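Here is the file protein26.txt (compact mmCIF, C-alpha atoms and all ligand atoms).
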# COMPACT_ATOMS: atom_id res chain seq x y z
CA MET A 243 49.04 87.02 86.64
CA ARG A 244 49.68 89.18 83.61
CA LYS A 245 47.63 92.01 82.15
CA GLY A 246 44.91 91.00 79.67
CA ALA A 247 46.30 92.95 76.71
CA ASN A 248 49.34 90.75 76.15
CA PHE A 249 47.99 87.54 77.64
CA SER A 250 47.77 84.92 74.90
CA ILE A 251 46.19 81.49 75.35
CA ASN A 252 49.14 79.55 73.91
CA GLU A 253 51.51 81.30 76.26
CA THR A 254 49.41 80.40 79.27
CA SER A 255 48.43 76.85 78.39
CA ARG A 256 51.11 75.46 80.69
CA GLU A 257 50.28 77.92 83.46
CA CYS A 258 47.68 77.69 86.20
CA LYS A 259 44.09 78.49 85.44
CA TYR A 260 42.12 80.58 87.94
CA LEU A 261 38.61 81.03 89.24
CA VAL A 262 38.20 84.40 90.92
CA TRP A 263 35.28 84.63 93.35
CA THR A 264 33.67 88.06 93.85
CA SER A 265 31.19 88.98 96.56
CA ALA A 266 27.51 89.76 96.08
CA ASN A 267 24.62 90.22 98.54
CA GLY A 268 24.75 89.22 102.23
CA LEU A 269 27.01 86.76 104.03
CA GLY A 270 24.75 83.73 103.52
CA ASN A 271 24.69 84.31 99.75
CA ARG A 272 28.44 84.82 99.76
CA MET A 273 29.12 81.60 101.65
CA ILE A 274 26.90 79.42 99.45
CA THR A 275 28.56 80.80 96.30
CA LEU A 276 32.03 80.29 97.78
CA VAL A 277 31.29 76.62 98.37
CA ALA A 278 29.92 76.26 94.83
CA ALA A 279 32.99 78.08 93.44
CA PHE A 280 35.34 75.83 95.43
CA LEU A 281 33.73 72.71 94.01
CA TYR A 282 33.79 74.11 90.47
CA ALA A 283 37.48 75.01 90.88
CA ILE A 284 38.29 71.45 92.05
CA LEU A 285 36.40 69.90 89.14
CA THR A 286 38.09 72.12 86.56
CA ASP A 287 41.64 72.18 88.01
CA ARG A 288 41.56 75.87 88.71
CA VAL A 289 43.17 77.83 91.53
CA LEU A 290 40.43 79.49 93.59
CA LEU A 291 41.13 83.11 94.50
CA VAL A 292 38.80 85.35 96.49
CA ARG A 293 38.34 89.05 95.78
CA TYR A 294 37.64 90.09 99.39
CA GLY A 295 36.96 93.67 100.38
CA ALA A 296 37.64 95.00 103.90
CA ASP A 297 34.15 93.74 104.88
CA MET A 298 35.26 90.08 104.42
CA ILE A 299 38.93 90.08 105.43
CA GLY A 300 38.35 89.56 109.17
CA LEU A 301 35.88 86.67 108.96
CA PHE A 302 37.71 83.46 108.11
CA CYS A 303 41.11 81.85 108.49
CA GLU A 304 42.90 80.99 105.27
CA PRO A 305 41.67 77.49 104.36
CA PHE A 306 44.61 76.19 102.30
CA PRO A 307 47.84 75.40 104.18
CA ASP A 308 50.99 77.24 103.05
CA SER A 309 49.23 79.38 100.46
CA SER A 310 46.86 82.30 100.33
CA TRP A 311 43.53 82.36 98.53
CA LEU A 312 43.39 86.18 98.60
CA LEU A 313 43.51 87.76 95.15
CA PRO A 314 46.88 89.58 95.00
CA LYS A 315 46.51 93.35 95.27
CA ASN A 316 48.33 93.91 91.96
CA SER A 317 46.03 91.59 90.00
CA PRO A 318 44.23 93.07 86.97
CA CYS A 319 41.09 91.39 88.36
CA TRP A 320 40.77 94.28 90.85
CA GLU A 321 40.07 96.64 87.97
CA ASP A 322 36.61 97.67 86.88
CA LEU A 323 35.25 94.51 85.30
CA LYS A 324 32.06 95.95 83.82
CA HIS A 325 33.37 95.78 80.28
CA LEU A 326 34.67 92.26 80.51
CA GLU A 327 33.27 89.80 78.01
CA THR A 328 30.66 87.47 79.52
CA HIS A 329 30.37 83.75 79.01
CA GLU A 330 26.92 84.16 77.42
CA SER A 331 28.23 86.53 74.74
CA LEU A 332 31.15 84.20 74.08
CA LEU A 333 28.81 81.24 73.74
CA MET A 334 26.68 83.15 71.26
CA LYS A 335 29.72 84.12 69.21
CA ASN A 336 31.07 80.62 69.35
CA LYS A 337 27.76 79.26 68.10
CA VAL A 338 27.79 81.64 65.15
CA ASN A 339 31.38 81.35 63.92
CA ASN A 340 32.83 78.47 65.97
CA SER A 341 35.72 80.70 67.17
CA GLN A 342 39.28 79.59 66.91
CA ASP A 343 40.98 79.04 70.25
CA GLU A 344 43.44 81.89 69.63
CA LEU A 345 40.52 84.34 69.54
CA LEU A 346 39.31 83.40 72.97
CA PRO A 347 39.81 86.06 75.66
CA PRO A 348 42.17 85.48 78.60
CA PHE A 349 39.61 86.78 81.14
CA LEU A 350 35.91 86.10 81.14
CA ALA A 351 33.04 87.13 83.43
CA LEU A 352 31.05 84.10 84.52
CA ASN A 353 27.67 85.51 85.49
CA LEU A 354 25.68 82.99 87.52
CA THR A 355 23.42 85.40 89.38
CA HIS A 356 19.70 84.80 89.82
CA ILE A 357 18.81 86.87 86.74
CA HIS A 358 20.02 84.01 84.56
CA VAL A 359 17.07 81.69 84.46
CA GLY A 360 15.27 79.92 81.67
CA HIS A 361 16.92 79.76 78.26
CA THR A 362 19.70 82.26 79.06
CA ASN A 363 21.21 79.98 81.71
CA LEU A 364 23.51 77.64 79.75
CA PHE A 365 26.29 77.07 82.27
CA HIS A 366 25.12 73.47 82.87
CA CYS A 367 25.44 72.58 79.16
CA ASP A 368 28.41 70.40 78.22
CA ARG A 369 29.30 72.70 75.33
CA SER A 370 29.61 75.67 77.75
CA GLN A 371 32.14 73.73 79.79
CA ASP A 372 34.11 72.75 76.68
CA LEU A 373 34.50 76.44 75.95
CA LEU A 374 35.03 77.67 79.52
CA GLN A 375 37.85 75.23 80.16
CA LYS A 376 39.92 77.04 77.51
CA ILE A 377 39.75 80.38 79.34
CA PRO A 378 42.65 81.02 81.75
CA VAL A 379 40.84 83.34 84.18
CA LEU A 380 37.14 83.12 85.01
CA ILE A 381 35.70 85.83 87.22
CA LEU A 382 32.60 84.57 88.95
CA TRP A 383 29.59 86.74 89.82
CA SER A 384 26.96 84.79 91.65
CA ASN A 385 24.53 84.84 94.55
CA GLN A 386 23.27 81.31 93.96
CA TYR A 387 24.17 77.83 95.22
CA PHE A 388 24.77 76.50 91.71
CA VAL A 389 26.11 73.10 92.85
CA PRO A 390 23.11 71.16 91.39
CA SER A 391 24.14 72.55 87.95
CA LEU A 392 27.55 70.88 88.34
CA PHE A 393 25.80 67.53 88.82
CA MET A 394 24.01 68.04 85.47
CA ILE A 395 27.30 68.31 83.52
CA SER A 396 28.38 64.93 82.12
CA LEU A 397 32.09 65.85 82.27
CA PHE A 398 31.95 66.10 86.09
CA ARG A 399 29.55 63.29 86.91
CA GLN A 400 32.09 60.56 87.59
CA ASP A 401 34.29 62.72 89.85
CA LEU A 402 31.27 63.98 91.75
CA SER A 403 29.86 60.54 92.41
CA LYS A 404 33.24 59.44 93.80
CA MET A 405 33.59 62.58 95.93
CA PHE A 406 30.04 62.55 97.27
CA PRO A 407 28.49 59.11 97.62
CA ASP A 408 25.98 60.93 99.84
CA LYS A 409 24.92 63.96 97.80
CA ASP A 410 23.01 65.60 100.62
CA THR A 411 26.32 66.46 102.34
CA VAL A 412 28.15 68.57 99.73
CA PHE A 413 27.83 71.88 101.56
CA HIS A 414 28.32 70.27 104.95
CA HIS A 415 31.72 68.83 104.00
CA LEU A 416 33.01 71.65 101.79
CA GLY A 417 31.69 74.37 104.10
CA ARG A 418 33.37 72.83 107.13
CA TYR A 419 36.59 72.54 105.16
CA LEU A 420 36.55 76.17 103.95
CA PHE A 421 35.04 78.21 106.76
CA HIS A 422 37.02 78.47 109.96
CA PRO A 423 36.26 81.52 112.10
CA SER A 424 39.09 84.06 112.39
CA ASN A 425 40.51 84.58 115.89
CA GLU A 426 38.30 87.66 116.31
CA ALA A 427 35.13 85.79 115.31
CA TRP A 428 36.15 82.74 117.35
CA LYS A 429 36.50 84.85 120.51
CA LEU A 430 32.93 86.11 120.11
CA ILE A 431 31.61 82.62 119.37
CA GLN A 432 33.40 81.13 122.36
CA LYS A 433 32.29 83.88 124.74
CA SER A 434 28.64 83.59 123.72
CA TYR A 435 28.66 79.81 123.72
CA GLU A 436 30.23 79.46 127.14
CA ALA A 437 28.12 82.17 128.78
CA HIS A 438 24.71 81.32 127.32
CA LEU A 439 24.56 77.93 125.64
CA ALA A 440 27.10 75.42 126.94
CA LYS A 441 25.54 74.71 130.31
CA GLU A 442 22.00 74.00 129.13
CA ASN A 443 20.79 70.48 128.37
CA GLU A 444 19.53 71.46 124.92
CA ARG A 445 20.02 74.32 122.50
CA ILE A 446 17.19 75.38 120.18
CA GLY A 447 18.07 77.94 117.46
CA LEU A 448 15.45 80.27 115.98
CA GLN A 449 16.58 82.12 112.83
CA ILE A 450 14.12 84.86 111.96
CA ARG A 451 14.68 86.63 108.64
CA VAL A 452 12.07 89.19 107.63
CA PHE A 453 12.19 90.10 103.93
CA ASN A 454 9.23 92.50 103.96
CA ILE A 455 11.09 95.39 105.60
CA HIS A 456 8.46 98.05 104.76
CA HIS A 457 5.57 96.27 106.52
CA PRO A 458 7.29 93.67 108.69
CA PRO A 459 4.62 91.29 110.04
CA HIS A 460 6.48 90.81 113.34
CA GLN A 461 3.51 89.77 115.49
CA THR A 462 2.29 87.18 112.96
CA ILE A 463 5.79 85.73 112.60
CA PHE A 464 6.16 85.61 116.39
CA ASN A 465 2.83 83.74 116.67
CA GLU A 466 3.92 81.41 113.88
CA ILE A 467 7.19 80.60 115.70
CA ILE A 468 5.32 79.85 118.92
CA ALA A 469 2.88 77.59 117.05
CA CYS A 470 5.77 75.82 115.28
CA THR A 471 7.90 75.25 118.39
CA LEU A 472 4.96 74.10 120.54
CA GLN A 473 3.42 71.80 117.91
CA ASN A 474 6.76 70.11 117.31
CA LYS A 475 7.62 69.96 121.03
CA LEU A 476 10.78 71.99 120.59
CA LEU A 477 9.59 74.26 123.42
CA PRO A 478 7.14 73.45 126.22
CA GLU A 479 3.69 74.95 126.73
CA LEU A 480 3.24 77.53 129.47
CA ASP A 481 1.70 76.21 132.67
CA MET A 482 -1.22 78.55 133.19
CA LEU A 483 -2.47 76.54 136.23
CA ASN A 484 1.00 76.36 137.79
CA SER A 485 0.59 72.54 138.10
CA SER A 486 4.26 71.59 137.55
CA ALA A 487 5.24 73.45 140.71
CA THR A 488 3.45 70.74 142.67
CA SER A 489 5.46 67.88 141.19
CA PRO A 490 8.98 68.08 142.62
CA LEU A 491 9.91 64.56 141.41
CA LYS A 492 9.90 65.62 137.77
CA LYS A 493 13.42 65.87 136.35
CA GLN A 494 13.98 69.44 135.22
CA THR A 495 15.86 70.06 132.01
CA SER A 496 17.08 73.42 130.87
CA LYS A 497 16.86 74.62 127.29
CA ALA A 498 18.65 77.58 125.78
CA VAL A 499 16.80 79.33 122.99
CA LEU A 500 19.19 81.14 120.68
CA VAL A 501 17.23 83.85 118.87
CA VAL A 502 18.96 85.19 115.76
CA SER A 503 17.29 88.15 114.11
CA LEU A 504 17.93 91.71 113.01
CA TYR A 505 15.09 92.73 115.36
CA SER A 506 15.20 92.79 119.17
CA GLU A 507 11.49 92.18 119.74
CA TYR A 508 11.64 88.44 119.02
CA GLY A 509 14.12 87.72 121.79
CA GLU A 510 12.48 90.19 124.19
CA LYS A 511 8.96 88.78 123.76
CA LEU A 512 10.05 85.19 124.11
CA ARG A 513 12.17 85.96 127.18
CA THR A 514 9.28 87.81 128.84
CA MET A 515 6.94 84.93 128.06
CA TYR A 516 9.12 82.29 129.70
CA GLN A 517 10.25 84.49 132.60
CA ALA A 518 6.69 85.35 133.58
CA ASN A 519 5.42 81.74 133.51
CA THR A 520 6.46 78.23 134.46
CA THR A 521 6.18 75.47 131.87
CA VAL A 522 3.98 72.35 131.95
CA THR A 523 7.05 70.13 131.74
CA GLY A 524 8.84 72.08 134.45
CA ASP A 525 11.68 72.75 131.98
CA LEU A 526 13.63 75.95 132.40
CA ILE A 527 13.82 78.06 129.25
CA ARG A 528 16.55 80.66 128.89
CA VAL A 529 16.38 82.99 125.91
CA TYR A 530 19.49 84.57 124.41
CA GLN A 531 19.69 86.93 121.45
CA PRO A 532 23.32 87.91 120.68
CA SER A 533 22.57 91.02 118.60
CA HIS A 534 19.83 93.02 116.89
CA GLU A 535 21.41 95.02 114.11
CA GLU A 536 18.00 96.35 112.88
CA HIS A 537 19.28 96.75 109.27
CA GLN A 538 21.31 94.67 106.86
CA ASN A 539 24.67 96.37 106.35
CA SER A 540 26.72 93.85 104.40
CA ASN A 541 29.55 96.27 103.53
CA ASP A 542 30.52 96.65 107.18
CA ASP A 543 33.15 94.34 108.67
CA MET A 544 31.81 94.28 112.26
CA HIS A 545 28.26 93.69 111.03
CA ASN A 546 29.51 90.70 109.01
CA ILE A 547 31.47 89.32 111.97
CA LYS A 548 28.28 89.40 114.06
CA ALA A 549 26.39 87.65 111.25
CA TRP A 550 29.11 84.96 110.96
CA THR A 551 29.19 84.50 114.75
CA GLU A 552 25.44 83.94 114.80
CA ILE A 553 25.49 81.57 111.83
CA TYR A 554 28.15 79.54 113.63
CA LEU A 555 26.25 79.54 116.96
CA LEU A 556 23.09 78.36 115.17
CA SER A 557 25.10 75.51 113.63
CA LEU A 558 25.97 74.34 117.17
CA CYS A 559 22.32 73.94 118.21
CA ASN A 560 20.53 70.61 118.65
CA ALA A 561 17.51 71.74 116.63
CA LEU A 562 16.78 74.70 114.38
CA VAL A 563 13.76 76.64 113.18
CA THR A 564 14.71 78.71 110.12
CA SER A 565 13.07 81.21 107.81
CA PRO A 566 12.06 80.27 104.27
CA ARG A 567 14.25 81.44 101.34
CA SER A 568 17.05 82.60 103.64
CA THR A 569 20.61 81.69 102.62
CA PHE A 570 21.71 82.79 106.13
CA GLY A 571 19.57 79.93 107.47
CA TYR A 572 20.80 77.51 104.76
CA VAL A 573 24.42 78.02 105.81
CA ALA A 574 23.62 77.58 109.52
CA HIS A 575 21.73 74.31 109.11
CA SER A 576 24.05 72.81 106.47
CA LEU A 577 27.20 73.59 108.46
CA GLY A 578 25.57 72.04 111.53
CA GLY A 579 24.46 68.96 109.58
CA LEU A 580 20.89 69.69 110.69
CA LYS A 581 17.48 69.34 109.06
CA PRO A 582 15.61 72.42 110.27
CA TRP A 583 11.93 73.11 110.74
CA ILE A 584 11.32 75.71 108.03
CA LEU A 585 8.70 78.36 108.76
CA GLN A 586 6.06 78.95 106.09
CA GLY A 587 5.92 82.32 104.33
CA VAL A 588 3.57 84.71 106.13
CA TYR A 589 0.99 86.73 104.17
CA GLY A 590 -1.39 88.95 106.11
CA LYS A 591 -2.25 88.20 109.73
CA ALA A 592 -3.13 84.51 109.46
CA ILE A 593 -0.71 81.96 110.89
CA PRO A 594 -0.02 79.37 108.16
CA ASP A 595 -1.23 75.85 108.87
CA PRO A 596 1.05 74.04 109.47
CA PRO A 597 3.27 76.89 110.70
CA CYS A 598 6.46 75.06 109.73
CA GLN A 599 7.64 71.87 108.07
CA ARG A 600 10.61 69.67 108.82
CA ALA A 601 13.18 69.77 105.99
CA LYS A 602 13.92 66.35 104.54
CA TYR A 603 17.42 67.27 103.38
CA MET A 604 20.45 69.28 104.50
CA GLU A 605 21.63 70.84 101.26
CA PRO A 606 21.00 74.54 100.51
CA CYS A 607 18.47 75.33 97.83
CA PHE A 608 19.51 76.54 94.35
CA GLN A 609 16.71 79.09 94.24
CA TYR A 610 16.92 80.13 90.57
CA PRO A 611 18.11 77.03 88.71
CA PRO A 612 18.30 76.42 84.96
CA GLU A 613 15.21 75.12 83.18
CA TYR A 614 16.76 74.39 79.83
CA ASP A 615 17.51 70.94 78.42
CA CYS A 616 20.67 71.60 76.40
CA ARG A 617 20.37 68.51 74.19
CA ALA A 618 16.66 68.61 73.46
CA ASN A 619 16.62 72.43 73.20
CA LYS A 620 13.46 72.76 75.30
CA THR A 621 12.38 73.57 78.84
CA ILE A 622 12.69 70.72 81.30
CA ASP A 623 11.90 69.90 84.92
CA PHE A 624 15.29 68.51 86.06
CA PRO A 625 13.96 66.27 88.88
CA SER A 626 12.24 64.25 86.14
CA ILE A 627 15.64 63.19 84.70
CA PHE A 628 17.97 63.20 87.75
CA ASN A 629 16.85 61.13 90.71
CA HIS A 630 19.27 62.92 93.09
CA ILE A 631 17.80 66.36 92.30
CA LYS A 632 14.49 67.48 93.81
CA HIS A 633 12.51 70.66 94.26
CA CYS A 634 13.24 72.58 97.48
CA ASP A 635 11.03 72.52 100.56
CA ASP A 636 10.86 76.32 100.77
CA VAL A 637 11.14 77.40 97.09
CA SER A 638 9.02 75.17 94.90
CA SER A 639 10.79 76.18 91.66
CA GLY A 640 14.25 75.78 93.26
CA LEU A 641 16.39 72.64 93.10
CA ARG A 642 18.44 70.80 95.69
CA LEU A 643 20.58 67.68 95.85
CA VAL A 644 19.25 64.76 97.84
P1 LIG B 701 19.42 86.07 103.20
O1 LIG B 701 19.19 87.45 102.65
O2 LIG B 701 18.51 85.73 104.34
O3 LIG B 701 19.41 85.03 102.11
O4 LIG B 701 20.88 86.01 103.88
P2 LIG B 701 22.22 86.84 103.61
O5 LIG B 701 23.13 86.42 104.71
O6 LIG B 701 22.70 86.64 102.24
O7 LIG B 701 21.85 88.36 103.76
C1 LIG B 701 21.28 88.86 104.93
C2 LIG B 701 22.28 89.71 105.71
O8 LIG B 701 21.53 90.56 106.60
C3 LIG B 701 23.20 88.91 106.60
O9 LIG B 701 24.36 88.49 105.97
C4 LIG B 701 23.48 89.90 107.71
O10 LIG B 701 24.38 90.87 107.26
C5 LIG B 701 22.12 90.55 107.89
N1 LIG B 701 21.28 89.74 108.76
C6 LIG B 701 20.10 89.16 108.43
N2 LIG B 701 19.61 88.49 109.49
C7 LIG B 701 20.50 88.63 110.49
C8 LIG B 701 20.55 88.16 111.84
O11 LIG B 701 19.67 87.49 112.32
N3 LIG B 701 21.67 88.49 112.56
C9 LIG B 701 22.67 89.26 112.05
N4 LIG B 701 23.72 89.55 112.82
N5 LIG B 701 22.65 89.74 110.79
C10 LIG B 701 21.57 89.41 110.02
Encoding of this model in structure tokens:
Amino acid sequence: MRKGANFSINETSRECKYLVWTSANGLGNRMITLVAAFLYAILTDRVLLVRYGADMIGLFCEPFPDSSWLLPKNSPCWEDLKHLETHESLLMKNKVNNSQDELLPPFLALNLTHIHVGHTNLFHCDRSQDLLQKIPVLILWSNQYFVPSLFMISLFRQDLSKMFPDKDTVFHHLGRYLFHPSNEAWKLIQKSYEAHLAKENERIGLQIRVFNIHHPPHQTIFNEIIACTLQNKLLPELDMLNSSATSPLKKQTSKAVLVVSLYSEYGEKLRTMYQANTTVTGDLIRVYQPSHEEHQNSNDDMHNIKAWTEIYLLSLCNALVTSPRSTFGYVAHSLGGLKPWILQGVYGKAIPDPPCQRAKYMEPCFQYPPEYDCRANKTIDFPSIFNHIKHCDDVSSGLRLV
């Protein structure tokens, strides 16, 4: 790739076009945006390159045979990109003076982060795509699963309906194509799986993400999880009268509970609860929590490997309970092809009623989607015009494919 200063559009028209993915937020956010970027690159005939720092290098195998998706170290896209023109400013300019193609920049920042909502989010408009397809190098900044936007663009509709007759499986298929654990991550996954999960009859995953880190309502969330798992018969009630001990004919099953959280107390409390008591069904419950990092530290490679290991282990479970609004949970359930029970948001000490709800779909939620009807120039509720787009179970203003 050549430097921007002497990079003219005519010169490059016969060359490859690129989409450069850059990382933002935690691993879940990064993985949902990578899948969205991959699909956008396929639809627009662009080469997908990833701008990985040391914190990402050790996580995945290269997905494309005989080529590397790593942004070359000598690429100008490693430079400070703060002053790069954005697609919004280009769209504004283009609206005003209908720019000639020769005036278009060779590199453009494509900002699809959550701050672009309402009338400033125009990526899903056909005219944005007409313009973007003329730019050789797009550098993507995003923390959102913007795949539903791609289904709104008329240019892509035919290809998408051929690629995904079942629209609820986009992440499941693309994620399983892209994300293969590196040897280092695979060793950890294998070791944990064989030692703690493989031998049990069933595996129940609990993903507990606490966003309120200043006043974490741990006890209320713990009570909510117990209410959710008991009400939905994912875990058995405790046998306070010790009655199951008297029924030796009952077939015992064993369940592994995989607890995934930054905090140790969830695994510890649950383990103590099931070690100190028998269950009414006679089932044996074994609780396993692989790590408790205490704090998010997304710039650290080992921290990210642990996060990836746990996402992968969750995806191998038979049933999942996940936390609302968590992209970490979205990746786990979508990779696993599972519809999780999603916990309700906790406010104060009361346990929500019901404590959790079964998701109807597998796709991740696009939490901050566009609200602008490009043709009618007014705000719109997209589910009212697309029957394969609905509001999310956990974020009522979000959108997901169904
Ligand atoms: P989200 O914030 O829940 O949407 O998920 P992200 O994955 O984008 O960001 C949260 C980050 O915090 C993760 O990527 C991990 O780095 C860390 N983290 C959060 N929960 C856990 C957990 O249960 N286990 C581990 N190992 N890390 C976690």
Worksheet item: Counting all atoms listed in the file, what is within 10 Å of Asn541 (chain A), bar same-chain residues fewer than 4 positions away, as an NGL selection string?
Response: :A and (267-269 or 295-298 or 545-546)
Any chance you could tabulate, as a Markdown table, the residues of chain A at most 8 Å from ligand LIG 701 (chain B) with each one's nearest atom pair and distance in Å to one decimal, using all atoms listed in the file, in chain and rising number order?
| residue | atom | partner | partner_atom | distance |
| --- | --- | --- | --- | --- |
| A:Asn267 | CA | B:LIG701 | O6 | 5.5 |
| A:Gly268 | CA | B:LIG701 | O6 | 3.3 |
| A:Leu269 | CA | B:LIG701 | O9 | 3.7 |
| A:Gly270 | CA | B:LIG701 | O5 | 3.4 |
| A:Asn271 | CA | B:LIG701 | O6 | 3.9 |
| A:Arg272 | CA | B:LIG701 | O6 | 6.5 |
| A:Gln449 | CA | B:LIG701 | O11 | 6.2 |
| A:Ile450 | CA | B:LIG701 | O11 | 6.2 |
| A:Arg451 | CA | B:LIG701 | N2 | 5.3 |
| A:Val452 | CA | B:LIG701 | N2 | 7.8 |
| A:Phe453 | CA | B:LIG701 | O1 | 7.6 |
| A:Val501 | CA | B:LIG701 | O11 | 7.9 |
| A:Val502 | CA | B:LIG701 | O11 | 4.2 |
| A:Ser503 | CA | B:LIG701 | O11 | 3.1 |
| A:Leu504 | CA | B:LIG701 | C8 | 4.6 |
| A:Tyr505 | CA | B:LIG701 | O11 | 7.6 |
| A:Ser533 | CA | B:LIG701 | N4 | 6.1 |
| A:His534 | CA | B:LIG701 | N3 | 6.5 |
| A:Glu535 | CA | B:LIG701 | N4 | 6.1 |
| A:His537 | CA | B:LIG701 | C5 | 7.0 |
| A:Gln538 | CA | B:LIG701 | O8 | 4.1 |
| A:Asn539 | CA | B:LIG701 | O10 | 5.6 |
| A:Ser540 | CA | B:LIG701 | O10 | 4.7 |
| A:His545 | CA | B:LIG701 | O10 | 6.1 |
| A:Asn546 | CA | B:LIG701 | O10 | 5.4 |
| A:Ile547 | CA | B:LIG701 | N4 | 7.8 |
| A:Lys548 | CA | B:LIG701 | N4 | 4.7 |
| A:Ala549 | CA | B:LIG701 | N4 | 3.6 |
| A:Trp550 | CA | B:LIG701 | N4 | 7.3 |
| A:Thr551 | CA | B:LIG701 | N4 | 7.7 |
| A:Glu552 | CA | B:LIG701 | N4 | 6.2 |
| A:Ile553 | CA | B:LIG701 | N3 | 7.9 |
| A:Ser565 | CA | B:LIG701 | O2 | 7.9 |
| A:Arg567 | CA | B:LIG701 | O3 | 6.3 |
| A:Ser568 | CA | B:LIG701 | O2 | 3.5 |
| A:Thr569 | CA | B:LIG701 | O3 | 3.6 |
| A:Phe570 | CA | B:LIG701 | O4 | 4.0 |
| A:Gly571 | CA | B:LIG701 | O2 | 6.7 |
Discussion item. Need the shell around Leu577 (chain A): protein/DNA/RNA residues with any atom at most 12 Å away, counting all atoms listed in the file. Skip same-chain ones fewer than 3 positions apart. Format as a count of residues only?
Written reply: 37
Discussion item. Quick check, in Å to one decimal: how far apart do CA of Ile446 (chain A) and CA of Pro305 (chain A) lie?
Written reply: 29.2 Å
Practice prompt. State, in Å with one decimal place, the distance from CA of Tyr603 (chain A) to CA of Ser639 (chain A).
Written response: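 That distance, rounded to one decimal, is 16.1 Å.
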Worksheet entry | Interatomic distance (Å, one decimal) between CA of Cys367 (chain A) and CA of Ala278 (chain A) |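 Separation of CA of Cys367 (chain A) and CA of Ala278 (chain A): 16.7 Å.
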Quick one: residues within 12 Å of Leu439 (chain A), only C-alpha atoms, excluding same-chain residues fewer than 6 positions away - as a CSV table (one decimal) with C-alpha atoms, in the frame of the given file?
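Result written to result.csv:
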chain,number,residue,atom,x,y,z
A,431,ILE,CA,31.6,82.6,119.4
A,432,GLN,CA,33.4,81.1,122.4
A,433,LYS,CA,32.3,83.9,124.7
A,445,ARG,CA,20.0,74.3,122.5
A,446,ILE,CA,17.2,75.4,120.2
A,447,GLY,CA,18.1,77.9,117.5
A,496,SER,CA,17.1,73.4,130.9
A,497,LYS,CA,16.9,74.6,127.3
A,498,ALA,CA,18.6,77.6,125.8
A,499,VAL,CA,16.8,79.3,123.0
A,500,LEU,CA,19.2,81.1,120.7
A,501,VAL,CA,17.2,83.8,118.9
A,527,ILE,CA,13.8,78.1,129.2
A,528,ARG,CA,16.6,80.7,128.9
A,529,VAL,CA,16.4,83.0,125.9
A,530,TYR,CA,19.5,84.6,124.4
A,531,GLN,CA,19.7,86.9,121.4
A,532,PRO,CA,23.3,87.9,120.7
A,555,LEU,CA,26.2,79.5,117.0
A,556,LEU,CA,23.1,78.4,115.2
A,558,LEU,CA,26.0,74.3,117.2
A,559,CYS,CA,22.3,73.9,118.2
A,560,ASN,CA,20.5,70.6,118.6
Name the residues, using the chain letters and numbers of the file, that sit within 12 Å of (8.9, 74.5, 117.7) when counting all atoms listed in the file, and give them as an mmCIF file with C-alpha atoms, in the coordinates of the input.
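Resulting contents of point.cif:
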data_model
loop_
_atom_site.group_PDB
_atom_site.id
_atom_site.type_symbol
_atom_site.label_atom_id
_atom_site.label_comp_id
_atom_site.auth_asym_id
_atom_site.auth_seq_id
_atom_site.Cartn_x
_atom_site.Cartn_y
_atom_site.Cartn_z
ATOM 1 C CA ILE A 446 17.190 75.380 120.180
ATOM 2 C CA GLY A 447 18.070 77.940 117.460
ATOM 3 C CA LEU A 448 15.450 80.270 115.980
ATOM 4 C CA GLN A 449 16.580 82.120 112.830
ATOM 5 C CA PHE A 464 6.160 85.610 116.390
ATOM 6 C CA ASN A 465 2.830 83.740 116.670
ATOM 7 C CA GLU A 466 3.920 81.410 113.880
ATOM 8 C CA ILE A 467 7.190 80.600 115.700
ATOM 9 C CA ILE A 468 5.320 79.850 118.920
ATOM 10 C CA ALA A 469 2.880 77.590 117.050
ATOM 11 C CA CYS A 470 5.770 75.820 115.280
ATOM 12 C CA THR A 471 7.900 75.250 118.390
ATOM 13 C CA LEU A 472 4.960 74.100 120.540
ATOM 14 C CA GLN A 473 3.420 71.800 117.910
ATOM 15 C CA ASN A 474 6.760 70.110 117.310
ATOM 16 C CA LYS A 475 7.620 69.960 121.030
ATOM 17 C CA LEU A 476 10.780 71.990 120.590
ATOM 18 C CA LEU A 477 9.590 74.260 123.420
ATOM 19 C CA PRO A 478 7.140 73.450 126.220
ATOM 20 C CA GLU A 479 3.690 74.950 126.730
ATOM 21 C CA VAL A 499 16.800 79.330 122.990
ATOM 22 C CA ALA A 561 17.510 71.740 116.630
ATOM 23 C CA LEU A 562 16.780 74.700 114.380
ATOM 24 C CA VAL A 563 13.760 76.640 113.180
ATOM 25 C CA THR A 564 14.710 78.710 110.120
ATOM 26 C CA PRO A 582 15.610 72.420 110.270
ATOM 27 C CA TRP A 583 11.930 73.110 110.740
ATOM 28 C CA ILE A 584 11.320 75.710 108.030
ATOM 29 C CA LEU A 585 8.700 78.360 108.760
ATOM 30 C CA PRO A 596 1.050 74.040 109.470
ATOM 31 C CA PRO A 597 3.270 76.890 110.700
ATOM 32 C CA CYS A 598 6.460 75.060 109.730
ATOM 33 C CA GLN A 599 7.640 71.870 108.070
ATOM 34 C CA ARG A 600 10.610 69.670 108.820
#
Worksheet entry | Nearest to Val588 (chain A) by atom-to-atom distance, counting only C-alpha atoms, from A:Ser317, A:Asn353, A:Gln371, A:Asn454 |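 Result for the nearest residue to Val588 (chain A): A:Asn454.
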Fill in: Spatial neighbours of Met482 (chain A), max dist 9 Å, only C-alpha atoms, sep filter under 4 positions, as a list in words
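The residues satisfying every condition are Asn519, Thr520, Thr521 and Val522 of chain A.
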Worksheet item: Glu426 (chain A): which residues within 9 Å, counting all atoms listed in the file, same-chain residues fewer than 3 positions away excluded, as a list of chain:residue names?
Response: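 Those residues are A:Gly300, A:Leu301, A:Pro423, A:Lys429, A:Leu430, A:Ile431, A:Ile547.
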